[in-house]
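J.: Attaching a single structure in structure tokens format; questions to follow.
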Amino acid sequence: MSRIGRAAGRGLDALRDFVLEPAEPEVAEPASEVEVVVEPVHLDPPPVILVTAIGGAGGAVSLAAAVAVAGTETEAERAALVVDLDPAPRGRGPTVLASDAARRLEEWARGPGGVPSAAARGHICHASPAGGDVGEVDDGGPLQRLAELLDREPPASAVIVHLPPSLWPDALDHVRVDAGGGLLRADLPSDRALAALAVRELHDRGMRAKVASRPLGRVASRRALAGVEPGGAASRRAARLARALVGGRSGQSLPLVLGAATAVIFIALVLVAIGGAVTAKGRVQRAADLAALSGARSMRDDFDNLFAAAWRADGSPNPAHLTKAEYLARARAAAQEAAARNDVPASSLAVRFPDAESFAPLRVRAAVRGEVDPDALPRPERGPRSARRPEIPLEASAVAEAAAPAGWSGMPSMASGGGYSGPLAYRQGKPMRPDVAEAFDRMSTAARSDGISLTITSAFRSDAEQAKLFAANPDPTWVAPPGKSLHRCATELDLGPSSAYAWLARNAPRFGFLKRYSWEAWHFGFNRGPAPCSDAANSIGRSGGGGDGAGSGTGGLPSFVPSRFRAPILRSAARWNVSAALISAQILAESNFNPAAVSPAGAQGIAQFMPGTAASYELDDPFDPDQAIDAQAHLMSDLLREFKSIPLALAAYNAGPGAVAACECVPPYPETQAYVARILGLLDGAGELAAPALEVRLVE
């Protein structure tokens, strides 16, 4: 058999597990379609299907939900679990019309080691563990958290996992994920080559594959995400996808759309014929992506060392310190190592840093070059072969960065400005003492078993927040004056909804919660463990100090703050209800605690105020450190109130509120991005943040 014939055979083998959804609207089943119906096979544990989008295609999440809904038709007693690993998933709450099976799955998913935000919707249960919402916080990333969820053996008909393209290669290789198939959302014909390459890879791994060339409509998408059938042609498409992907893991054939076979066969032949590691566009792009991401991970991991002191107190060199040149060299080496692991020679890789001139670079660009051997491509059998044709160059590039997580507000992990100065835990976005959070988890689980979903409307409040509340409601019967409220102790929870009041009155004492006042059916205080607002309470959950509390051993300030400035920082932080650690990190980044500093742009003093801003905050002398620190805390208080985000407030302090408001983001100025990242890194090192300061992501 000729090389072309052998290649054609391999291409047709690949197509047995490949279905291309037609782009034309479906009216009836095509007469030219030969469909082999695969009876669903009960699997225990349930099959795991990975779903992603290629290129700029959209609609992968709703397709995943539609497949999940369709997969429950043959198994009414079990719902499907839809796991979204997008780094910034859209929150989806439970629906009233959720089935009993979906509610049981939600209860399982919210259990110990699960996803507290899981939500039953129709015939499915949504879960979004990408942000660390599975059990205890770990450092393994979203795939590790997914694996931990799967280890608990979900009582589901299937597990449909939507993930960003950057996680696709690692998900395929993850042993504990053990996916049985993949659904690719791709715009065809523009992404046909990449789709065929991905299908070929799935086939080589013994996995089922399906490519959807168009998304669901708007109404169908909303219905699917609500856990009900999309309706019409969309339901028929989802049913075929479910039969193909969820029907089992054996090697049975899948439906084959013959009308699209010719073009896809040729693409499959090309991909089979091309040799080498960096010869197809998709592989070149993947190598570039991995190299850039590896470089950015190195920058994230080394970021703190970039600002470590060069010398120890005893005058010896500090081994933790990295110069900018060393910092960039390590990132370059990480990118090169990743490329080498993907068989990319050093001569085919170019690494550079677009923001290298910044004092703290955070971006890396990796470009990979490859060639296609034209003589390895299939060509017609008839006619003499021409002379060797020139090689066809291919190139792909990617840019990755270490930056503040998208949508993250930078909520502090240490309380300040009240009677409690220990660690904070968050439930439903509300801060509280860690032991209070654990008790609430137990109570919430018990309430769910009785059909009640508890909500938290208020928890820890600083004295400044209490003062504003009291000013608006100056009746001590309903609102305690500042300095008197137990909310300042992080032990009080205002709970809802009103339909839960009777249940709470009966059951809250079992979990250590006492209804404080007979006229406030919603107000419960935790009365177990250390007494509210005590030294013992401040020590809960500590592991050697740090943070912004009085128990840290530094008076609530990071160790890098000179003693001369500790008192004015603490005083201003309390006055304006701003974290003392945040003010301290800002001053270090602005002037290195130099009250006489003057920038080339004209910023003055320890807090680097421009004259116009200083005047607007009644700062008469920017070189007076006490005045400047107080004005800085006042300005940050205003910016935090306006943008409700530490990263955005810092960006506004550096680049101006207008630039931040225009994009609702940290503006793409290298100086501003480095400024924000440096302060977040300092806060993270001080234990001030509730989440890692920087995450790695592809931006181009």
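Chain labels A, B, ... are given in the sequence in which chains occur in the structure tokens; within each chain residues are numbered consecutively from 1, and ligands are likewise numbered from 1 in the order shown.
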May I have the residues within 7 Å of Asn538 in chain A as an NGL selection string, using only C-alpha atoms and disregarding those fewer than 4 positions away in the same chain?
T.: :A and (420-422 or 534 or 551)
J.: Pick out each residue of range 57-209 of chain A that DSSP on the backbone tags as alpha helix (DSSP H); I need them as a PyMOL selection string.
T.: chain A and resi 60-71+100-109+141-151+168-173+192-204
J.: What gap, in Å, lies between CA of Ala655 in chain A and CA of Val676 in chain A?
T.: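 If I compute the distance from CA of Ala655 in chain A to CA of Val676 in chain A, I get 10.4 Å.
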J.: Applying 9 Å and only C-alpha atoms, which residues near range 612-616 of chain A remain after dropping the ones on its own chain fewer than 6 positions away? List them as a PyMOL selection string.
T.: chain A and resi 622+628+631
J.: Hey, can you spit out that residue selection with C-alpha atoms as a PDB file, in the first residue's frame?
T.:
ATOM      1  CA  PRO A 622       3.698  66.692  51.447  1.00  0.00           C
ATOM      2  CA  ALA A 628       1.163  62.746  54.185  1.00  0.00           C
ATOM      3  CA  ALA A 631      -3.825  62.037  53.493  1.00  0.00           C
TER       4      ALA A 631
END
J.: Expressed in Å to a single decimal, how great is the separation between CA of Arg641 in chain A and CA of Ala603 in chain A?
T.: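 Spanning CA of Arg641 in chain A to CA of Ala603 in chain A is a straight-line distance of 23.8 Å.
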J.: Write out as a PyMOL selection string the residues lying within 8 Å of Ala334 in chain A, counting only C-alpha atoms and excluding same-chain residues fewer than 4 positions away.
T.: chain A and resi 291+294-295+298+330+338
J.: Please list as a PyMOL selection string every residue within 12 Å of Arg185 in chain A, counting only C-alpha atoms and excluding residues in the same chain fewer than 6 positions away.
T.: chain A and resi 19-21+50-64+162-165+191-192+194-195+198-199+209-216+241
J.: What does the file look like for those residues with N, CA and C atoms, as a short mmCIF file (atom, residue, chain, number, x, y, z; two decimals), in the first residue's frame?
T.:
data_model
loop_
_atom_site.label_atom_id
_atom_site.label_comp_id
_atom_site.auth_asym_id
_atom_site.auth_seq_id
_atom_site.Cartn_x
_atom_site.Cartn_y
_atom_site.Cartn_z
N VAL A 19 -17.11 13.43 14.88
CA VAL A 19 -18.35 13.90 14.29
C VAL A 19 -18.27 15.39 14.15
N LEU A 20 -18.54 15.88 12.97
CA LEU A 20 -18.53 17.32 12.72
C LEU A 20 -19.96 17.79 12.60
N GLU A 21 -20.39 18.68 13.49
CA GLU A 21 -21.76 19.17 13.46
C GLU A 21 -21.96 20.06 12.24
N LEU A 50 -14.68 16.25 28.86
CA LEU A 50 -14.06 17.57 28.87
C LEU A 50 -14.63 18.41 27.73
N VAL A 51 -14.90 19.67 28.01
CA VAL A 51 -15.48 20.59 27.02
C VAL A 51 -14.65 21.86 26.99
N THR A 52 -14.26 22.29 25.79
CA THR A 52 -13.53 23.55 25.67
C THR A 52 -13.84 24.18 24.32
N ALA A 53 -13.32 25.39 24.11
CA ALA A 53 -13.52 26.11 22.85
C ALA A 53 -12.17 26.32 22.18
N ILE A 54 -12.15 26.25 20.87
CA ILE A 54 -10.94 26.47 20.09
C ILE A 54 -10.98 27.88 19.53
N GLY A 55 -9.83 28.56 19.58
CA GLY A 55 -9.76 29.91 19.02
C GLY A 55 -10.72 30.84 19.74
N GLY A 56 -11.47 31.62 18.98
CA GLY A 56 -12.40 32.57 19.58
C GLY A 56 -13.82 32.07 19.64
N ALA A 57 -14.04 30.78 19.46
CA ALA A 57 -15.39 30.24 19.49
C ALA A 57 -16.01 30.41 20.87
N GLY A 58 -17.31 30.65 20.90
CA GLY A 58 -18.02 30.81 22.16
C GLY A 58 -19.13 29.79 22.30
N GLY A 59 -19.75 29.79 23.46
CA GLY A 59 -20.89 28.91 23.69
C GLY A 59 -20.55 27.55 24.22
N ALA A 60 -19.31 27.33 24.67
CA ALA A 60 -18.94 26.00 25.15
C ALA A 60 -19.66 25.66 26.45
N VAL A 61 -19.87 26.64 27.32
CA VAL A 61 -20.51 26.36 28.61
C VAL A 61 -21.95 25.88 28.42
N SER A 62 -22.69 26.58 27.57
CA SER A 62 -24.08 26.17 27.36
C SER A 62 -24.16 24.82 26.65
N LEU A 63 -23.23 24.53 25.75
CA LEU A 63 -23.19 23.21 25.12
C LEU A 63 -22.94 22.13 26.16
N ALA A 64 -22.02 22.41 27.09
CA ALA A 64 -21.75 21.44 28.16
C ALA A 64 -23.00 21.17 28.98
N HIS A 162 -16.29 21.89 31.93
CA HIS A 162 -15.92 22.99 31.02
C HIS A 162 -14.62 23.61 31.52
N LEU A 163 -13.64 23.76 30.65
CA LEU A 163 -12.37 24.31 31.06
C LEU A 163 -11.82 25.22 29.98
N PRO A 164 -10.99 26.21 30.34
CA PRO A 164 -10.38 27.08 29.34
C PRO A 164 -9.36 26.31 28.52
N PRO A 165 -9.06 26.77 27.30
CA PRO A 165 -8.11 26.04 26.45
C PRO A 165 -6.75 25.84 27.11
N ASP A 191 -11.16 27.16 11.85
CA ASP A 191 -10.38 26.39 12.83
C ASP A 191 -10.42 24.90 12.53
N ARG A 192 -10.68 24.53 11.27
CA ARG A 192 -10.80 23.11 10.93
C ARG A 192 -9.50 22.35 11.20
N LEU A 194 -7.06 22.97 13.37
CA LEU A 194 -6.84 22.77 14.80
C LEU A 194 -7.84 21.76 15.36
N ALA A 195 -9.08 21.81 14.89
CA ALA A 195 -10.08 20.85 15.36
C ALA A 195 -9.68 19.43 14.99
N ALA A 198 -6.87 18.26 17.20
CA ALA A 198 -7.35 17.91 18.54
C ALA A 198 -8.09 16.58 18.54
N VAL A 199 -8.89 16.36 17.50
CA VAL A 199 -9.62 15.10 17.40
C VAL A 199 -8.66 13.93 17.25
N ALA A 209 -14.58 11.74 20.68
CA ALA A 209 -14.42 13.14 20.30
C ALA A 209 -15.64 13.63 19.55
N LYS A 210 -15.94 14.89 19.71
CA LYS A 210 -17.05 15.51 19.01
C LYS A 210 -16.71 16.98 18.82
N VAL A 211 -17.00 17.51 17.62
CA VAL A 211 -16.77 18.92 17.32
C VAL A 211 -18.11 19.55 16.97
N ALA A 212 -18.45 20.64 17.65
CA ALA A 212 -19.67 21.38 17.37
C ALA A 212 -19.29 22.67 16.65
N SER A 213 -19.82 22.85 15.43
CA SER A 213 -19.42 23.99 14.61
C SER A 213 -20.22 25.25 14.88
N ARG A 214 -21.24 25.16 15.70
CA ARG A 214 -22.04 26.36 16.00
C ARG A 214 -22.60 26.24 17.41
N PRO A 215 -22.79 27.38 18.07
CA PRO A 215 -23.31 27.36 19.43
C PRO A 215 -24.82 27.19 19.45
N LEU A 216 -25.36 27.01 20.63
CA LEU A 216 -26.81 27.04 20.79
C LEU A 216 -27.29 28.48 20.64
N LEU A 241 -25.00 14.49 20.77
CA LEU A 241 -23.73 14.69 21.48
C LEU A 241 -23.66 13.80 22.71
#
J.: Calculated over only C-alpha atoms, which of the candidates A:Ser235, A:Ser458, A:Gln336, A:Ser584 has the smallest distance to Asp630 in chain A?
T.: A:Ser584
J.: Please provide as a list in words all residues within 6 Å of Phe593 in chain A, with the sequence filter that same-chain residues fewer than 5 positions apart are discarded (counting only C-alpha atoms).
T.: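 Selected residues are Ile587, Leu588 and Ile606 of chain A.
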J.: Would you list the contacts of Trp108 in chain A as a short mmCIF file (atom, residue, chain, number, x, y, z; two decimals) with N, CA and C atoms, in the first residue's frame, taking every protein, DNA or RNA residue within 10 Å and counting only C-alpha atoms, but skipping same-chain residues closer than 5 positions in sequence?
T.:
data_model
loop_
_atom_site.label_atom_id
_atom_site.label_comp_id
_atom_site.auth_asym_id
_atom_site.auth_seq_id
_atom_site.Cartn_x
_atom_site.Cartn_y
_atom_site.Cartn_z
N ALA A 102 -31.25 16.27 41.21
CA ALA A 102 -30.30 17.39 41.21
C ALA A 102 -30.07 17.92 42.60
N ARG A 103 -31.11 17.97 43.41
CA ARG A 103 -30.96 18.45 44.79
C ARG A 103 -30.10 17.50 45.61
N GLY A 113 -15.33 18.62 51.94
CA GLY A 113 -14.40 18.48 50.83
C GLY A 113 -14.99 18.80 49.49
N GLY A 114 -16.19 19.37 49.46
CA GLY A 114 -16.87 19.64 48.20
C GLY A 114 -16.86 21.10 47.82
N VAL A 115 -17.90 21.51 47.10
CA VAL A 115 -18.01 22.87 46.56
C VAL A 115 -19.17 23.57 47.25
N ALA A 118 -22.05 24.99 45.08
CA ALA A 118 -22.77 24.15 44.12
C ALA A 118 -24.26 24.48 44.12
N ARG A 152 -14.22 11.70 45.23
CA ARG A 152 -15.36 11.45 46.13
C ARG A 152 -16.47 10.66 45.45
N GLU A 153 -16.25 10.24 44.19
CA GLU A 153 -17.20 9.41 43.44
C GLU A 153 -18.57 10.07 43.35
N PRO A 154 -18.71 11.04 42.48
CA PRO A 154 -19.99 11.77 42.36
C PRO A 154 -21.14 10.82 42.02
N PRO A 155 -22.25 10.92 42.71
CA PRO A 155 -23.43 10.10 42.37
C PRO A 155 -24.19 10.74 41.22
N ALA A 156 -23.53 10.84 40.08
CA ALA A 156 -24.08 11.55 38.92
C ALA A 156 -24.14 10.63 37.71
#
J.: Can you measure CA of Met610 in chain A to CA of Gln632 in chain A for me? One decimal in Å is fine.
T.: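 Atom-to-atom, CA of Met610 in chain A and CA of Gln632 in chain A are spaced 11.6 Å apart.
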J.: From the options A:Ser416, A:Asn577, A:Ser166, A:Asn592, which residue's atoms come nearest to Leu698 in chain A, counting only C-alpha atoms?
T.: A:Ser166
J.: Residues of range 317-528 of chain A in strand (DSSP E or B) according to DSSP, as an MDAnalysis selection string?
T.: chainID A and resid 317 349:352 363:372 392:403 412 414 423 425:427 430:432 455:458 492:496 513:515 523:526
J.: How would the residues just picked look written out with C-alpha atoms as a tab-separated table (two decimals), in the first residue's frame?
T.:
chain	number	residue	atom	x	y	z
A	317	PRO	CA	24.34	38.56	51.28
A	349	LEU	CA	12.38	29.55	20.36
A	350	ALA	CA	12.56	33.28	21.01
A	351	VAL	CA	11.78	34.63	24.48
A	352	ARG	CA	11.49	38.29	25.36
A	363	ARG	CA	5.02	39.65	31.10
A	364	VAL	CA	6.81	37.15	28.87
A	365	ARG	CA	6.40	36.51	25.14
A	366	ALA	CA	7.44	33.20	23.60
A	367	ALA	CA	7.63	32.71	19.83
A	368	VAL	CA	8.14	29.26	18.28
A	369	ARG	CA	9.17	28.65	14.68
A	370	GLY	CA	8.66	25.42	12.77
A	371	GLU	CA	8.53	24.10	9.21
A	372	VAL	CA	6.30	21.79	7.25
A	392	ILE	CA	6.68	25.94	4.51
A	393	PRO	CA	7.45	28.10	7.56
A	394	LEU	CA	5.12	28.21	10.56
A	395	GLU	CA	5.30	30.54	13.54
A	396	ALA	CA	3.19	31.06	16.62
A	397	SER	CA	3.60	33.29	19.64
A	398	ALA	CA	1.98	33.69	23.03
A	399	VAL	CA	2.12	36.26	25.83
A	400	ALA	CA	1.55	35.26	29.45
A	401	GLU	CA	1.51	37.42	32.55
A	402	ALA	CA	1.41	37.19	36.31
A	403	ALA	CA	-1.29	39.56	37.53
A	412	PRO	CA	-7.96	41.01	53.50
A	414	MET	CA	-6.68	39.69	58.70
A	423	PRO	CA	-7.52	35.85	60.75
A	425	ALA	CA	-12.58	33.35	56.94
A	426	TYR	CA	-15.14	34.15	54.23
A	427	ARG	CA	-18.55	32.62	53.70
A	430	LYS	CA	-18.73	37.88	54.34
A	431	PRO	CA	-15.79	37.90	56.82
A	432	MET	CA	-15.88	36.16	60.20
A	455	THR	CA	-27.92	33.35	53.60
A	456	ILE	CA	-25.54	35.75	55.39
A	457	THR	CA	-26.41	39.43	55.15
A	458	SER	CA	-23.76	40.76	57.55
A	492	GLU	CA	-21.97	37.79	64.93
A	493	LEU	CA	-23.98	36.79	61.87
A	494	ASP	CA	-27.12	38.38	60.49
A	495	LEU	CA	-28.86	35.51	58.74
A	496	GLY	CA	-31.76	35.01	56.38
A	513	PHE	CA	-25.22	30.15	67.91
A	514	LEU	CA	-27.35	32.18	70.30
A	515	LYS	CA	-30.12	34.58	69.24
A	523	HIS	CA	-29.07	38.15	64.64
A	524	PHE	CA	-27.11	35.17	66.00
A	525	GLY	CA	-23.83	35.23	67.92
A	526	PHE	CA	-21.34	32.39	68.29
J.: Identify which of the residues A:Ser579, A:Gln608, A:Glu107, A:Trp311 lies closest to Ala447 in chain A, counting only C-alpha atoms when measuring atom-to-atom distances.
T.: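 Under the stated criterion, the closest residue is A:Glu107.
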